[in-house]
Amino acid sequence: MESCPSIKNILLLDSEGKRIAVKYFSDDWPTLSAKLAFEKSVFTKTQKTNARTEAEIVMFDGYIVVYKFIQDLHFFVSGGDDENELILATVLQGFFDAIGLLLRNNVDKRTALENLDLILLCIDEIVDGGIILETDASVITRKVAAHGVDGAAPLSEQTLTQALAMARDHLARSLLK
């Protein structure tokens with residue numbers, strides 16, 4: 001397990017450093033306040049850089065952080081100080097490209113918030129428990145889309161948006177009877 005590359009967290013923050021979608025795969029930050037402090041520190045350290053054309057890498061508090069910006073969204077992937085930067089950059093690029101595909105290249109804060117369920121599914125398809133599952137954006141997008149179209153999925157496996165849409169449809173049908 002030690003030789004297997006692992007991810008500490010994936011962060012998607014807005015242009016003010018506030019959370020859009022975050023997922024931690026490590027107990028390095030045991031409390032919410034520790035996580036928020038890390039996010040604020042990383043954002044503050046990187047906000048003045050120009051990571052719009054390609055990913056940037058920074059060593060921060062004993063972690064390697066790879067990041068990239070698009071419009072008003074900031075994408076971050078963190079790993080331990082012994083992780084391979086290229087692997088972290090590949091995970092970031094897969095996440096970045098998959099979000100672009102899922103949001104049909106309309107990648108901004110408003111669209112991201114409207115499609116938060118897809119973004120969270122995307123993170124789940126990329127990393128599970130810190131272990132990298134997939135980095136190919138088209139494969140990630142296909143898997144997320146398969147989850148999105150399957151309205152017959154059990155309620156426990158549905159996203160909040162799917163469950164609400166199904167409830168709305170049932171309510172509409174019962175009112176029309």
# chains A, B, ... in the order shown; residues from 1 in each chain; ligands from 1
>>> residues_around(residues="range 45-52 of chain A", least_positions_apart="6", cutoff="12 Å", atoms="only C-alpha atoms", output="list of chain:residue names")
A:Leu13, A:Asp14, A:Ser15, A:Glu16, A:Gly17, A:Phe38, A:Glu39, A:Val58, A:Met59, A:Phe60, A:Asp61, A:Val65, A:Val66, A:Tyr67, A:Lys68, A:Phe69, A:Ile70, A:Gln71, A:Asp72, A:Leu73, A:His74, A:Phe75, A:Phe76, A:Phe96
>>> write_last_selection(atoms="N, CA and C atoms", output="short mmCIF file (atom, residue, chain, number, x, y, z; two decimals), in the first residue's frame")
data_model
loop_
_atom_site.label_atom_id
_atom_site.label_comp_id
_atom_site.auth_asym_id
_atom_site.auth_seq_id
_atom_site.Cartn_x
_atom_site.Cartn_y
_atom_site.Cartn_z
N LEU A 13 -12.59 25.30 -5.22
CA LEU A 13 -12.92 26.53 -4.50
C LEU A 13 -13.31 27.61 -5.49
N ASP A 14 -14.05 28.61 -5.01
CA ASP A 14 -14.40 29.73 -5.88
C ASP A 14 -13.30 30.79 -5.84
N SER A 15 -13.52 31.92 -6.50
CA SER A 15 -12.49 32.94 -6.61
C SER A 15 -12.24 33.69 -5.30
N GLU A 16 -13.04 33.41 -4.29
CA GLU A 16 -12.83 34.01 -2.97
C GLU A 16 -12.28 32.99 -1.97
N GLY A 17 -12.04 31.77 -2.43
CA GLY A 17 -11.51 30.72 -1.57
C GLY A 17 -12.57 29.95 -0.81
N PHE A 38 -6.77 24.88 6.20
CA PHE A 38 -5.90 24.41 5.12
C PHE A 38 -6.35 25.01 3.79
N GLU A 39 -7.66 24.97 3.53
CA GLU A 39 -8.19 25.50 2.27
C GLU A 39 -7.87 26.99 2.13
N VAL A 58 3.10 23.45 -6.01
CA VAL A 58 3.69 24.14 -4.87
C VAL A 58 3.84 23.16 -3.71
N MET A 59 4.90 23.32 -2.95
CA MET A 59 5.08 22.55 -1.72
C MET A 59 4.53 23.41 -0.60
N PHE A 60 3.60 22.87 0.17
CA PHE A 60 2.93 23.68 1.17
C PHE A 60 2.66 22.87 2.43
N ASP A 61 3.20 23.28 3.56
CA ASP A 61 2.99 22.61 4.86
C ASP A 61 3.25 21.10 4.81
N VAL A 65 0.92 20.35 -3.56
CA VAL A 65 -0.38 20.80 -4.04
C VAL A 65 -0.23 21.17 -5.51
N VAL A 66 -1.05 20.55 -6.35
CA VAL A 66 -1.09 20.84 -7.77
C VAL A 66 -2.40 21.56 -8.01
N TYR A 67 -2.36 22.65 -8.77
CA TYR A 67 -3.57 23.44 -8.92
C TYR A 67 -3.67 24.07 -10.29
N LYS A 68 -4.90 24.42 -10.65
CA LYS A 68 -5.19 25.04 -11.93
C LYS A 68 -6.47 25.85 -11.78
N PHE A 69 -6.56 26.96 -12.48
CA PHE A 69 -7.72 27.84 -12.39
C PHE A 69 -8.42 27.92 -13.75
N ILE A 70 -9.72 28.11 -13.71
CA ILE A 70 -10.48 28.44 -14.90
C ILE A 70 -11.61 29.37 -14.46
N GLN A 71 -11.74 30.48 -15.11
CA GLN A 71 -12.71 31.52 -14.78
C GLN A 71 -12.69 31.78 -13.27
N ASP A 72 -13.79 31.54 -12.57
CA ASP A 72 -13.83 31.83 -11.14
C ASP A 72 -13.76 30.56 -10.28
N LEU A 73 -13.17 29.49 -10.83
CA LEU A 73 -13.00 28.24 -10.10
C LEU A 73 -11.52 27.89 -9.95
N HIS A 74 -11.16 27.39 -8.79
CA HIS A 74 -9.79 26.99 -8.49
C HIS A 74 -9.80 25.51 -8.14
N PHE A 75 -9.09 24.69 -8.92
CA PHE A 75 -9.00 23.25 -8.74
C PHE A 75 -7.68 22.92 -8.03
N PHE A 76 -7.74 22.09 -6.98
CA PHE A 76 -6.54 21.69 -6.24
C PHE A 76 -6.56 20.18 -6.01
N PHE A 96 -10.13 18.19 -13.98
CA PHE A 96 -10.35 19.44 -14.69
C PHE A 96 -11.06 19.19 -16.03
#
>>> residues_around(residues="Ala89 in chain A", least_positions_apart="2", cutoff="8 Å", atoms="only C-alpha atoms", output="list in words")
Ala55, Val66, Tyr67, Val77, Glu85, Leu86, Ile87, Val91, Leu92 and Gln93 of chain A
>>> closest_residue(among="A:Lys23, A:Asp117, A:Ser41, A:Thr90", to="Glu54 in chain A", atoms="only C-alpha atoms")
A:Thr90
>>> residues_around(residues="Ile132 in chain A", least_positions_apart="4", cutoff="8 Å", atoms="only C-alpha atoms", output="CSV table (one decimal) with N, CA and C atoms, in the first residue's frame")
chain,number,residue,atom,x,y,z
A,5,PRO,N,0.4,5.3,-5.2
A,5,PRO,CA,0.2,6.7,-5.0
A,5,PRO,C,-1.1,7.0,-4.4
A,6,SER,N,-1.2,8.0,-3.5
A,6,SER,CA,-2.5,8.4,-2.9
A,6,SER,C,-2.7,9.9,-2.9
A,7,ILE,N,-3.9,10.2,-2.8
A,7,ILE,CA,-4.4,11.6,-2.8
A,7,ILE,C,-4.8,12.0,-1.4
A,91,VAL,N,-4.0,13.5,-12.1
A,91,VAL,CA,-5.3,13.4,-11.4
A,91,VAL,C,-6.0,14.8,-11.6
A,126,ILE,N,-13.0,9.4,-9.6
A,126,ILE,CA,-11.5,9.6,-9.8
A,126,ILE,C,-10.7,8.9,-8.6
A,127,VAL,N,-11.2,9.2,-7.4
A,127,VAL,CA,-10.4,8.7,-6.2
A,127,VAL,C,-11.4,8.1,-5.2
A,128,ASP,N,-11.0,7.0,-4.6
A,128,ASP,CA,-11.8,6.3,-3.6
A,128,ASP,C,-10.9,6.0,-2.4
>>> atom_distance(atom1="CA of Ile123 in chain A", atom2="CA of Leu101 in chain A")
13.9 Å
